[in-house]
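*Asks:* Hey, dropping my_file.csv in here, CSV, C-alpha atoms and all ligand atoms:
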```csv
chain,number,residue,atom,x,y,z
A,1,MET,CA,43.1,-8.9,-17.1
A,2,LYS,CA,39.4,-8.4,-16.8
A,3,LEU,CA,38.3,-8.5,-13.2
A,4,LYS,CA,35.6,-10.9,-12.1
A,5,GLU,CA,32.3,-9.0,-11.5
A,6,ILE,CA,30.1,-10.0,-8.5
A,7,ASN,CA,27.1,-8.8,-6.7
A,8,ILE,CA,26.7,-9.1,-2.9
A,9,TYR,CA,23.5,-10.0,-1.2
A,10,ILE,CA,23.2,-9.5,2.6
A,11,HIS,CA,20.3,-11.1,4.4
A,12,ILE,CA,18.9,-9.4,7.5
A,13,PRO,CA,16.9,-12.2,9.2
A,14,PHE,CA,14.9,-10.0,11.6
A,15,CYS,CA,11.3,-8.7,11.4
A,16,LYS,CA,9.1,-6.9,13.9
A,17,SER,CA,6.5,-9.7,13.4
A,18,LYS,CA,5.8,-12.4,10.9
A,19,CYS,CA,3.5,-11.7,8.0
A,20,ASN,CA,0.9,-14.3,7.3
A,21,TYR,CA,2.0,-15.1,3.7
A,22,CYS,CA,5.7,-14.9,4.2
A,23,SER,CA,8.0,-17.9,3.6
A,24,PHE,CA,11.3,-16.1,3.7
A,25,TYR,CA,13.6,-16.9,6.5
A,26,SER,CA,13.2,-14.3,9.2
A,27,VAL,CA,12.6,-14.3,12.9
A,28,PRO,CA,10.5,-11.8,14.9
A,29,ILE,CA,13.0,-9.9,16.9
A,30,SER,CA,12.1,-9.6,20.6
A,31,LYS,CA,12.5,-6.4,22.6
A,32,SER,CA,15.3,-8.0,24.6
A,33,LYS,CA,17.3,-8.5,21.5
A,34,TYR,CA,16.7,-5.1,20.0
A,35,ASN,CA,19.9,-3.6,21.2
A,36,PRO,CA,23.3,-2.6,19.9
A,37,ALA,CA,25.1,-5.6,21.3
A,38,TYR,CA,22.9,-8.0,19.4
A,39,PHE,CA,23.2,-6.1,16.2
A,40,LYS,CA,27.0,-6.1,16.7
A,41,TYR,CA,26.9,-9.8,17.2
A,42,TYR,CA,25.2,-10.3,13.8
A,43,PHE,CA,27.4,-7.7,12.1
A,44,ASP,CA,30.5,-9.6,13.3
A,45,LEU,CA,29.1,-12.9,11.9
A,46,LEU,CA,28.6,-11.3,8.5
A,47,ILE,CA,32.1,-9.8,8.4
A,48,LYS,CA,33.6,-13.2,9.3
A,49,GLU,CA,31.6,-14.9,6.6
A,50,MET,CA,32.6,-12.3,4.1
A,51,LYS,CA,36.3,-12.8,5.0
A,52,ASP,CA,36.1,-16.6,4.9
A,53,MET,CA,34.2,-16.6,1.6
A,54,SER,CA,36.6,-14.1,0.0
A,55,GLN,CA,39.5,-16.3,0.8
A,56,LYS,CA,37.9,-19.5,-0.2
A,57,PHE,CA,36.7,-18.2,-3.6
A,58,SER,CA,39.4,-15.6,-4.2
A,59,LEU,CA,37.0,-12.8,-4.3
A,60,CYS,CA,39.1,-9.9,-3.1
A,61,ASP,CA,40.0,-8.8,-6.6
A,62,SER,CA,36.4,-8.9,-7.7
A,63,LEU,CA,34.6,-5.9,-9.0
A,64,VAL,CA,31.4,-5.3,-7.0
A,65,ASN,CA,28.6,-4.4,-9.4
A,66,GLY,CA,25.8,-4.2,-6.8
A,67,ILE,CA,25.1,-4.7,-3.1
A,68,TYR,CA,21.6,-5.6,-1.9
A,69,PHE,CA,20.4,-5.7,1.7
A,70,GLY,CA,17.3,-7.9,1.7
A,71,GLY,CA,15.3,-9.6,4.4
A,72,GLY,CA,13.6,-9.9,6.7
A,73,THR,CA,13.4,-6.2,7.4
A,74,PRO,CA,16.8,-4.5,6.8
A,75,SER,CA,15.2,-1.1,7.7
A,76,ILE,CA,14.9,-2.1,11.4
A,77,MET,CA,18.7,-2.2,11.7
A,78,PRO,CA,20.5,0.9,13.0
A,79,ALA,CA,22.2,3.2,10.4
A,80,ASP,CA,25.7,2.4,11.6
A,81,PHE,CA,25.1,-1.3,10.8
A,82,PHE,CA,24.9,-0.4,7.1
A,83,SER,CA,27.8,2.1,7.2
A,84,GLY,CA,30.0,-0.5,8.9
A,85,LEU,CA,29.3,-3.2,6.3
A,86,LEU,CA,29.6,-0.8,3.4
A,87,ARG,CA,32.9,0.5,4.7
A,88,TYR,CA,34.2,-3.1,5.1
A,89,ILE,CA,33.2,-3.9,1.5
A,90,GLU,CA,34.8,-0.7,0.2
A,91,ASN,CA,38.1,-1.6,2.0
A,92,ASN,CA,38.2,-5.2,0.9
A,93,PHE,CA,36.7,-5.3,-2.6
A,94,LYS,CA,36.6,-2.9,-5.6
A,95,ILE,CA,33.2,-1.3,-5.8
A,96,MET,CA,32.3,-0.1,-9.3
A,97,GLY,CA,31.7,3.7,-9.4
A,98,ASP,CA,28.1,3.3,-10.5
A,99,ALA,CA,27.3,0.2,-8.4
A,100,GLU,CA,23.7,-0.2,-7.5
A,101,ILE,CA,23.3,-0.3,-3.7
A,102,THR,CA,19.8,-1.2,-2.5
A,103,VAL,CA,18.2,-1.5,0.9
A,104,GLU,CA,14.7,-3.0,1.4
A,105,ILE,CA,12.6,-0.8,3.6
A,106,ASN,CA,9.4,-1.7,5.4
A,107,PRO,CA,7.1,1.4,5.4
A,108,GLU,CA,6.8,1.6,9.2
A,109,SER,CA,10.5,1.9,9.6
A,110,GLY,CA,11.2,4.3,6.7
A,111,ASP,CA,11.9,7.4,8.8
A,112,PHE,CA,13.6,10.4,7.2
A,113,GLU,CA,16.7,10.3,9.5
A,114,LYS,CA,17.5,6.7,8.7
A,115,LEU,CA,16.9,7.2,4.9
A,116,SER,CA,19.0,10.3,4.9
A,117,ALA,CA,21.8,8.4,6.6
A,118,LEU,CA,21.6,5.6,4.1
A,119,LYS,CA,21.8,8.1,1.3
A,120,SER,CA,24.9,9.6,2.8
A,121,PHE,CA,26.6,6.1,3.0
A,122,GLY,CA,26.1,5.7,-0.8
A,123,VAL,CA,22.9,3.7,-0.9
A,124,ASN,CA,21.2,4.7,-4.1
A,125,ARG,CA,18.1,2.5,-4.4
A,126,LEU,CA,15.3,1.7,-2.0
A,127,SER,CA,12.8,-1.1,-2.3
A,128,ILE,CA,9.7,-0.4,-0.2
A,129,GLY,CA,7.4,-3.2,0.7
A,130,ALA,CA,4.0,-1.6,0.3
A,131,GLN,CA,2.1,-4.9,-0.8
A,132,SER,CA,-1.3,-3.1,-0.7
A,133,LEU,CA,-2.7,0.2,0.5
A,134,ASP,CA,-6.0,-1.2,1.7
A,135,PRO,CA,-6.4,-1.4,5.5
A,136,GLY,CA,-8.4,-4.6,5.5
A,137,VAL,CA,-6.0,-6.3,3.1
A,138,LEU,CA,-2.9,-5.2,5.0
A,139,ARG,CA,-4.4,-6.4,8.3
A,140,THR,CA,-5.4,-9.8,7.0
A,141,ALA,CA,-1.9,-10.2,5.5
A,142,GLY,CA,-0.4,-9.5,8.9
A,143,ARG,CA,1.4,-6.3,7.8
A,144,ILE,CA,2.0,-3.8,10.6
A,145,HIS,CA,2.0,-0.7,8.4
A,146,ASP,CA,-0.8,1.3,7.0
A,147,LYS,CA,-1.4,3.4,3.9
A,148,LYS,CA,0.0,6.6,5.6
A,149,ASP,CA,3.3,4.8,6.5
A,150,ILE,CA,3.7,3.9,2.8
A,151,TYR,CA,3.2,7.5,1.6
A,152,ASP,CA,5.4,8.8,4.4
A,153,ALA,CA,8.2,6.4,3.5
A,154,VAL,CA,8.1,7.3,-0.1
A,155,ASN,CA,8.0,11.0,0.7
A,156,ASN,CA,10.9,10.6,3.2
A,157,ALA,CA,12.9,8.7,0.5
A,158,LYS,CA,12.3,11.5,-2.0
A,159,LYS,CA,13.2,14.2,0.5
A,160,ALA,CA,16.4,12.3,1.4
A,161,GLY,CA,17.4,12.5,-2.3
A,162,PHE,CA,16.5,9.0,-3.6
A,163,LYS,CA,15.5,8.9,-7.2
A,164,ASN,CA,15.5,5.2,-7.7
A,165,ILE,CA,12.6,3.9,-5.6
A,166,SER,CA,10.9,0.5,-6.1
A,167,LEU,CA,7.5,-0.4,-4.6
A,168,ASP,CA,6.4,-4.0,-4.0
A,169,LEU,CA,2.8,-5.1,-4.5
A,170,ILE,CA,1.2,-8.5,-3.9
A,171,ILE,CA,-1.4,-9.8,-6.3
A,172,GLY,CA,-4.3,-11.9,-4.8
A,173,LEU,CA,-4.2,-11.2,-1.1
A,174,PRO,CA,-7.4,-12.0,0.8
A,175,LYS,CA,-9.9,-9.1,0.7
A,176,GLN,CA,-8.2,-7.6,-2.4
A,177,THR,CA,-11.3,-7.3,-4.5
A,178,GLU,CA,-11.0,-6.1,-8.1
A,179,ASN,CA,-11.9,-2.6,-7.0
A,180,VAL,CA,-9.4,-2.7,-4.2
A,181,PHE,CA,-6.7,-4.0,-6.6
A,182,HIS,CA,-7.5,-1.1,-9.1
A,183,SER,CA,-7.2,1.3,-6.3
A,184,ASP,CA,-3.9,-0.3,-5.1
A,185,ILE,CA,-2.4,0.2,-8.6
A,186,GLU,CA,-3.6,3.7,-8.9
A,187,GLN,CA,-2.2,4.7,-5.6
A,188,ILE,CA,1.1,3.0,-6.3
A,189,LEU,CA,1.3,4.9,-9.6
A,190,SER,CA,0.5,8.2,-7.9
A,191,MET,CA,3.7,7.9,-5.9
A,192,GLU,CA,5.7,7.6,-9.2
A,193,PRO,CA,8.1,4.8,-8.3
A,194,LYS,CA,10.8,4.1,-10.9
A,195,HIS,CA,10.3,0.4,-10.4
A,196,ILE,CA,7.5,-1.9,-9.3
A,197,SER,CA,7.8,-5.6,-8.3
A,198,ALA,CA,4.5,-7.4,-8.3
A,199,TYR,CA,4.3,-11.0,-6.9
A,200,MET,CA,1.3,-13.3,-7.3
A,201,LEU,CA,0.3,-14.7,-3.9
A,202,SER,CA,1.3,-18.3,-3.6
A,203,ILE,CA,0.5,-20.2,-0.4
A,204,GLU,CA,3.7,-21.8,0.9
A,205,ASN,CA,3.6,-24.5,3.5
A,206,ASN,CA,5.6,-22.8,6.2
A,207,THR,CA,3.2,-19.8,6.4
A,208,GLU,CA,0.3,-18.8,8.6
A,209,PHE,CA,-1.9,-18.6,5.4
A,210,TYR,CA,-1.1,-22.3,4.7
A,211,LYS,CA,-2.6,-23.3,8.1
A,212,ILE,CA,-5.9,-21.7,7.3
A,213,TYR,CA,-6.0,-22.3,3.5
A,214,ASP,CA,-9.0,-24.4,2.6
A,215,LYS,CA,-10.4,-24.3,6.1
A,216,LYS,CA,-13.7,-22.5,6.6
A,217,ASN,CA,-12.5,-19.8,8.9
A,218,GLY,CA,-13.8,-16.8,7.0
A,219,THR,CA,-10.6,-15.9,5.1
A,220,THR,CA,-11.3,-16.2,1.4
A,221,PHE,CA,-8.4,-16.7,-0.9
A,222,ALA,CA,-8.5,-15.6,-4.5
A,223,SER,CA,-8.6,-18.4,-7.1
A,224,GLU,CA,-5.8,-18.9,-9.6
A,225,GLU,CA,-8.0,-17.5,-12.4
A,226,CYS,CA,-8.8,-14.4,-10.3
A,227,ILE,CA,-5.0,-13.8,-9.6
A,228,ALA,CA,-4.3,-14.3,-13.3
A,229,GLY,CA,-6.9,-11.8,-14.2
A,230,TYR,CA,-5.5,-9.2,-11.8
A,231,TYR,CA,-2.0,-9.8,-13.2
A,232,GLU,CA,-3.3,-9.1,-16.7
A,233,ILE,CA,-5.0,-5.9,-15.5
A,234,LEU,CA,-1.7,-4.8,-13.8
A,235,CYS,CA,0.3,-5.5,-17.0
A,236,GLU,CA,-2.1,-3.3,-19.0
A,237,PHE,CA,-2.1,-0.5,-16.5
A,238,LEU,CA,1.7,-0.4,-16.2
A,239,ASP,CA,2.2,-0.6,-20.0
A,240,LYS,CA,0.0,2.4,-20.4
A,241,ALA,CA,2.0,4.2,-17.7
A,242,ASP,CA,5.2,3.5,-19.7
A,243,TYR,CA,6.7,0.9,-17.5
A,244,VAL,CA,8.8,-1.8,-19.2
A,245,HIS,CA,7.7,-5.3,-18.2
A,246,TYR,CA,11.3,-6.6,-18.1
A,247,GLU,CA,10.7,-9.8,-16.1
A,248,ILE,CA,7.7,-11.8,-15.0
A,249,SER,CA,7.2,-9.9,-11.7
A,250,ASN,CA,9.2,-6.7,-12.4
A,251,PHE,CA,8.4,-3.5,-14.2
A,252,SER,CA,10.4,-0.3,-14.5
A,253,LYS,CA,10.8,3.0,-16.2
A,254,PRO,CA,13.4,2.6,-18.9
A,255,GLY,CA,16.9,2.5,-17.4
A,256,TYR,CA,15.7,1.6,-13.9
A,257,GLU,CA,15.7,-2.1,-14.2
A,258,SER,CA,17.2,-3.7,-11.0
A,259,ARG,CA,20.8,-4.6,-11.7
A,260,HIS,CA,20.7,-7.0,-8.8
A,261,ASN,CA,17.9,-8.9,-10.4
A,262,ILE,CA,19.4,-8.8,-13.9
A,263,ASN,CA,22.6,-10.3,-12.6
A,264,TYR,CA,20.7,-13.2,-11.2
A,265,TRP,CA,18.7,-13.9,-14.4
A,266,LYS,CA,21.9,-13.6,-16.5
A,267,ARG,CA,23.6,-16.1,-14.2
A,268,GLY,CA,26.1,-13.6,-13.0
A,269,GLU,CA,28.1,-14.5,-9.9
A,270,TYR,CA,27.0,-13.4,-6.4
A,271,LEU,CA,28.1,-13.7,-2.8
A,272,GLY,CA,25.2,-14.2,-0.4
A,273,LEU,CA,25.7,-13.6,3.3
A,274,GLY,CA,23.6,-14.5,6.3
A,275,PRO,CA,21.2,-17.4,7.0
A,276,SER,CA,19.3,-18.7,4.0
A,277,ALA,CA,21.4,-16.6,1.6
A,278,SER,CA,22.7,-18.2,-1.6
A,279,SER,CA,26.0,-17.7,-3.5
A,280,PHE,CA,26.8,-18.6,-7.0
A,281,PHE,CA,30.4,-18.8,-8.4
A,282,LYS,CA,31.9,-19.9,-11.6
A,283,ILE,CA,35.2,-21.5,-10.8
A,284,ARG,CA,38.0,-22.8,-13.0
A,285,ASP,CA,37.3,-25.4,-15.8
A,286,LYS,CA,33.8,-24.2,-16.1
A,287,GLU,CA,32.9,-25.5,-12.7
A,288,GLU,CA,29.8,-23.7,-11.2
A,289,ILE,CA,28.9,-23.9,-7.6
A,290,ARG,CA,25.8,-22.8,-5.7
A,291,LYS,CA,25.9,-22.6,-2.0
A,292,THR,CA,22.9,-21.9,0.2
A,293,ASN,CA,23.4,-21.2,3.9
A,294,VAL,CA,21.2,-22.9,6.5
A,295,SER,CA,17.9,-21.2,7.2
A,296,ASP,CA,18.5,-21.0,11.0
A,297,LEU,CA,20.4,-18.1,12.7
A,298,SER,CA,21.8,-20.2,15.6
A,299,ILE,CA,23.1,-22.9,13.3
A,300,TYR,CA,24.4,-20.4,10.8
A,301,ALA,CA,26.3,-18.7,13.7
A,302,LEU,CA,27.8,-22.1,14.7
A,303,ASN,CA,28.9,-22.8,11.2
A,304,ILE,CA,30.5,-19.3,10.8
A,305,LEU,CA,32.3,-19.5,14.1
A,306,ASP,CA,33.5,-23.0,13.3
A,307,LYS,CA,31.7,-24.4,16.3
A,308,SER,CA,29.4,-26.8,14.6
A,309,GLU,CA,29.6,-30.4,15.8
A,310,ASN,CA,28.9,-33.7,14.1
A,311,GLY,CA,25.3,-33.7,13.2
A,312,THR,CA,24.9,-29.9,12.9
A,313,LYS,CA,23.1,-29.0,9.7
A,314,THR,CA,25.6,-27.7,7.2
A,315,ASP,CA,25.1,-25.4,4.3
A,316,PHE,CA,23.9,-26.8,1.0
A,317,VAL,CA,26.5,-26.9,-1.7
A,318,GLU,CA,25.8,-28.0,-5.2
A,319,VAL,CA,28.1,-28.4,-8.2
A,320,LEU,CA,26.0,-27.8,-11.2
A,321,THR,CA,25.9,-30.4,-14.0
A,322,GLU,CA,25.9,-29.4,-17.7
A,323,LYS,CA,22.2,-30.2,-17.7
A,324,ASP,CA,21.6,-28.0,-14.7
A,325,LYS,CA,23.4,-25.1,-16.4
A,326,ILE,CA,21.4,-25.4,-19.6
A,327,ASN,CA,18.1,-25.6,-17.7
A,328,GLU,CA,19.0,-22.6,-15.7
A,329,GLU,CA,20.0,-20.6,-18.8
A,330,ILE,CA,16.6,-21.4,-20.5
A,331,PHE,CA,14.5,-20.9,-17.4
A,332,LEU,CA,16.1,-17.7,-16.2
A,333,SER,CA,16.3,-16.2,-19.7
A,334,LEU,CA,12.7,-16.9,-20.4
A,335,ARG,CA,11.6,-15.0,-17.3
A,336,THR,CA,12.9,-11.8,-18.9
A,337,ASN,CA,11.3,-9.7,-21.7
A,338,CYS,CA,14.2,-10.4,-24.0
A,339,GLY,CA,13.9,-14.2,-23.6
A,340,ILE,CA,16.5,-16.4,-25.2
A,341,SER,CA,18.0,-16.6,-28.7
A,342,LEU,CA,15.9,-18.9,-30.9
A,343,LYS,CA,19.1,-20.4,-32.3
A,344,ARG,CA,20.3,-21.3,-28.8
A,345,LEU,CA,16.9,-22.7,-27.7
A,346,ILE,CA,16.5,-25.1,-30.6
A,347,GLU,CA,19.9,-26.6,-29.7
A,348,PHE,CA,18.0,-28.2,-26.8
A,349,VAL,CA,14.2,-28.0,-27.5
A,350,ASN,CA,12.3,-29.5,-30.3
A,351,PRO,CA,11.2,-26.7,-32.7
A,352,ASP,CA,7.7,-28.3,-32.9
A,353,ILE,CA,7.2,-27.7,-29.1
A,354,ILE,CA,8.3,-24.1,-29.5
A,355,ASN,CA,5.9,-23.6,-32.5
A,356,ASN,CA,3.0,-25.1,-30.5
A,357,PHE,CA,3.6,-22.5,-27.7
A,358,ILE,CA,3.8,-19.7,-30.3
A,359,ASN,CA,0.5,-20.9,-31.9
A,360,ALA,CA,-1.1,-21.1,-28.5
A,361,GLY,CA,-0.1,-17.4,-27.9
A,362,LEU,CA,2.2,-18.3,-25.0
A,363,MET,CA,5.5,-17.5,-26.7
A,364,GLN,CA,6.5,-14.9,-29.3
A,365,ILE,CA,9.5,-14.2,-31.5
A,366,LYS,CA,11.1,-10.9,-30.6
A,367,LYS,CA,14.0,-9.0,-32.0
A,368,CYS,CA,16.6,-8.4,-29.3
A,369,ARG,CA,20.0,-6.9,-30.0
A,370,LEU,CA,19.6,-8.0,-33.7
A,371,ASN,CA,18.9,-11.6,-32.7
A,372,ASP,CA,15.7,-13.5,-33.2
A,373,ASN,CA,14.7,-14.3,-29.6
A,374,ILE,CA,11.9,-16.3,-28.1
A,375,ALA,CA,10.1,-14.7,-25.2
A,376,LEU,CA,7.0,-15.4,-23.2
A,377,THR,CA,3.8,-13.4,-23.8
A,378,VAL,CA,1.9,-12.2,-20.8
A,379,LYS,CA,-0.3,-15.3,-21.0
A,380,GLY,CA,2.9,-17.4,-21.2
A,381,MET,CA,4.2,-15.7,-18.1
A,382,LEU,CA,1.1,-16.8,-16.2
A,383,LEU,CA,1.8,-20.4,-17.3
A,384,SER,CA,5.6,-20.2,-17.0
A,385,SER,CA,5.9,-23.1,-14.6
A,386,GLU,CA,4.0,-25.4,-16.9
A,387,ILE,CA,6.0,-24.2,-19.9
A,388,PHE,CA,9.3,-24.6,-18.2
A,389,ALA,CA,8.4,-28.2,-17.1
A,390,LYS,CA,7.7,-29.1,-20.8
A,391,ILE,CA,11.0,-27.7,-22.2
A,392,MET,CA,13.5,-28.5,-19.5
A,393,VAL,CA,16.2,-30.8,-20.9
B,401,LIG,S1,7.1,-10.3,4.4
B,401,LIG,FE1,8.9,-9.1,4.9
B,401,LIG,S2,8.3,-8.1,6.8
B,401,LIG,FE2,6.8,-9.7,6.5
B,401,LIG,S3,7.7,-11.4,7.7
B,401,LIG,FE3,8.4,-11.6,5.6
B,401,LIG,S4,10.3,-10.7,5.5
B,401,LIG,FE4,9.3,-9.9,7.4
```
Could you write out this structure as structure tokens?
Ligand code: SF4

*Replies:*
Amino acid sequence: MKLKEINIYIHIPFCKSKCNYCSFYSVPISKSKYNPAYFKYYFDLLIKEMKDMSQKFSLCDSLVNGIYFGGGTPSIMPADFFSGLLRYIENNFKIMGDAEITVEINPESGDFEKLSALKSFGVNRLSIGAQSLDPGVLRTAGRIHDKKDIYDAVNNAKKAGFKNISLDLIIGLPKQTENVFHSDIEQILSMEPKHISAYMLSIENNTEFYKIYDKKNGTTFASEECIAGYYEILCEFLDKADYVHYEISNFSKPGYESRHNINYWKRGEYLGLGPSASSFFKIRDKEEIRKTNVSDLSIYALNILDKSENGTKTDFVEVLTEKDKINEEIFLSLRTNCGISLKRLIEFVNPDIINNFINAGLMQIKKCRLNDNIALTVKGMLLSSEIFAKIMV
């Protein structure tokens, strides 16, 4: 019998400080909590959650295809935190021989000793949050690293033996003029990462940027047109540098696409651990469940320790309807360079609508594994939300 394949995502909800654009769930970790006892407390919660979820969803026989430590700032955790979790997973699941094991690293905490230790535990991919290399841009964004930290982290990673390194870049941060953006791209490329994730800045309502957006306080935010222009510049640069634009925000050298991301876009199953983490499981009779943990560490802990009382916020659990499944399939496939099979898409979407998008230069027909597929063009990727809104069933 074929074993069920899953990915595991582990959320580390701690950061040294909060960046001005960040809407992910993370809390600044105070000096008083930066100690082994506190890390052990969080470690135990994750282990308990893993045990409970494995039992509830019969995951112990699953084949683990990838493990991803994201955050927050995973790299502020001590090395033994990772070795302990990886050992637990190894002892309780079947990890594929070539599983992708990623840790997100913030440049200021990418020291050689820690990265070497991660390598020795079997971590084989690092995702380093550069975001920009310009001092003014980094300062305004609330990042606590500088350009030297980025170069040092990449050099340390290479010295520690990592070949699969990804760098994150944000498009449209305040003070990122076109010249600065060009320079950001050139410097990122000079470090020869195998993978680049580039996210267009969006101002979310739970961020520091949101509080000052549209207020005359001297911080100028790039217009949507400007961000779109930068995105097109980036796509051109990376195409010339032989990166495959395999998803709206992701580029890689051939063979270095992130398996963690691909699993998500292909609607593969995953177990998410920690506050704000999501899980997705396909259960019997085609039932599909998405579960998202509360975005609050204290409440998460109460839920995990079965100490929640009436009125405590519980995790969000959703059983997907047939319509949800189709919409997810269309929306997630169209984010990727391969898109979705034309035959499959016209089961749900009027061909005239598709033709209109093709004529407007927003969609294209692409051969993918001998199929005629429909994929977004770069212009279409920039308007993906509007396109998805028009074709959702
Ligand atoms: S962007 Fe990263 S480092 Fe900054 S607050 Fe968010 S999770 Fe933490």

*Asks:* A:Glu113, A:Asp98, A:Glu108, A:Asp149: which is nearest ligand LIG 401 (chain B), counting all atoms listed in the file?

*Replies:*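 Once distances to ligand LIG 401 (chain B) are computed over all atoms listed in the file, the minimum belongs to A:Glu108.
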
*Asks:* Can you tell me which residues sit at most 6 Å away from ligand LIG 401 (chain B), counting all atoms listed in the file, written as a ChimeraX atom specification?

*Replies:* /A:15,18-19,22,24,26,71-73

*Asks:* Near region 355-361 of chain A, counting all atoms listed in the file, which residues have an atom at most 12 Å away, once you skip same-chain residues fewer than 2 positions from it, shown as a count of residues only?

*Replies:* 27

*Asks:* How would you write as an NGL selection string the residues that get within 8 Å of (0.5, -18.3, 6.7) in the file's frame, counting all atoms listed in the file?

*Replies:* :A and (19-22 or 203-212)

*Asks:* Near Phe69 (chain A), counting all atoms listed in the file, which residues have an atom at most 9 Å away, once you skip same-chain residues fewer than 5 positions from it, shown as a list in words?

*Replies:*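 With the cut-off at 9 Å, the set is Ile8, Tyr9, Ile10, His11, Ile12, Pro74, Phe82, Ile101, Thr102, Val103 and Glu104 of chain A.
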
*Asks:* When you look at Ile299 (chain A) with a cut-off of 10 Å (counting all atoms listed in the file), what residues show up, excluding the ones that are within fewer than 4 positions of it in the same chain? I need them as a ChimeraX atom specification.

*Replies:* /A:275,293-295,303-305,307-308,312-315

*Asks:* Could you work out how far CA of Gly274 (chain A) lies from CA of Gly110 (chain A), giving the answer in Å with one decimal?

*Replies:* 22.5 Å

*Asks:* I'd like to know which of A:Ala141, A:Ile95, A:Ala153, A:Ile227 is closest to Thr177 (chain A), using only C-alpha atoms.

*Replies:*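 With only C-alpha atoms as the atom set, the closest residue is A:Ile227.
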
*Asks:* Please report as CSV every residue of region 178-279 of chain A lying within 9 Å of region 37-52 of chain A, along with the nearest atom pair and their distance in Å (one decimal), using all atoms listed in the file.

*Replies:*
```
residue,atom,partner,partner_atom,distance
A:Leu271,CA,A:Met50,CA,8.4
A:Gly272,CA,A:Met50,CA,8.9
A:Leu273,CA,A:Leu46,CA,6.4
A:Gly274,CA,A:Leu46,CA,6.3
```

*Asks:* Interatomic distance between CA of Glu100 (chain A) and CA of Ile128 (chain A)?

*Replies:*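 It comes out at 15.8 Å.
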
*Asks:* Please measure the separation of CA of Ile144 (chain A) and CA of Phe221 (chain A), giving the value in Å to one decimal.

*Replies:* 20.2 Å

*Asks:* Nearest to Ser120 (chain A): which of A:Ile89, A:Ala222, A:Leu167, A:Ala79 is it, counting all atoms listed in the file?

*Replies:*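 Once distances to Ser120 (chain A) are computed over all atoms listed in the file, the minimum belongs to A:Ala79.
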
*Asks:* Give me, as a ChimeraX atom specification, all polymer residues having an atom no more than 8 Å from region 179-193 of chain A, counting all atoms listed in the file and skipping those fewer than 4 positions away in the same chain.

*Replies:* /A:132-134,151,154,164-167,171,230,234,237

*Asks:* Under the rule that only C-alpha atoms are counted, which of A:Leu173, A:Met96, A:Tyr88, A:Thr336 is the nearest residue to Asn373 (chain A)?

*Replies:*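 Among A:Leu173, A:Met96, A:Tyr88, A:Thr336, it is A:Thr336 that comes nearest to Asn373 (chain A).
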
*Asks:* Give the answer as one residue: which of A:Arg335, A:Lys323, A:Arg125, A:Lys266 has the shortest atom-to-atom distance to Lys158 (chain A), using all atoms listed in the file?

*Replies:*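 Counting all atoms listed in the file, the residue closest to Lys158 (chain A) is A:Arg125.
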
*Asks:* I need the residue nearest Arg143 (chain A) from this list: A:Gln131, A:Glu269, A:Ser298, A:Ser333. Use all atoms listed in the file for the distance.

*Replies:*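 Using all atoms listed in the file, the shortest distance to Arg143 (chain A) belongs to A:Gln131.
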
*Asks:* Any chance you could tabulate, as a Markdown table, the residues of region 298-373 of chain A at most 12 Å from region 245-264 of chain A with each one's nearest atom pair and distance in Å to one decimal, using all atoms listed in the file, in chain and rising number order?

*Replies:*
```
| residue | atom | partner | partner_atom | distance |
| --- | --- | --- | --- | --- |
| A:Glu328 | CA | A:Tyr264 | CA | 10.6 |
| A:Glu329 | CA | A:Tyr264 | CA | 10.6 |
| A:Phe331 | CA | A:Ile248 | CA | 11.6 |
| A:Leu332 | CA | A:Tyr264 | CA | 8.1 |
| A:Ser333 | CA | A:Glu247 | CA | 9.2 |
| A:Leu334 | CA | A:Glu247 | CA | 8.5 |
| A:Arg335 | CA | A:Glu247 | CA | 5.4 |
| A:Thr336 | CA | A:Glu247 | CA | 4.1 |
| A:Asn337 | CA | A:Tyr246 | CA | 4.8 |
| A:Cys338 | CA | A:Tyr246 | CA | 7.6 |
| A:Gly339 | CA | A:Glu247 | CA | 9.3 |
```
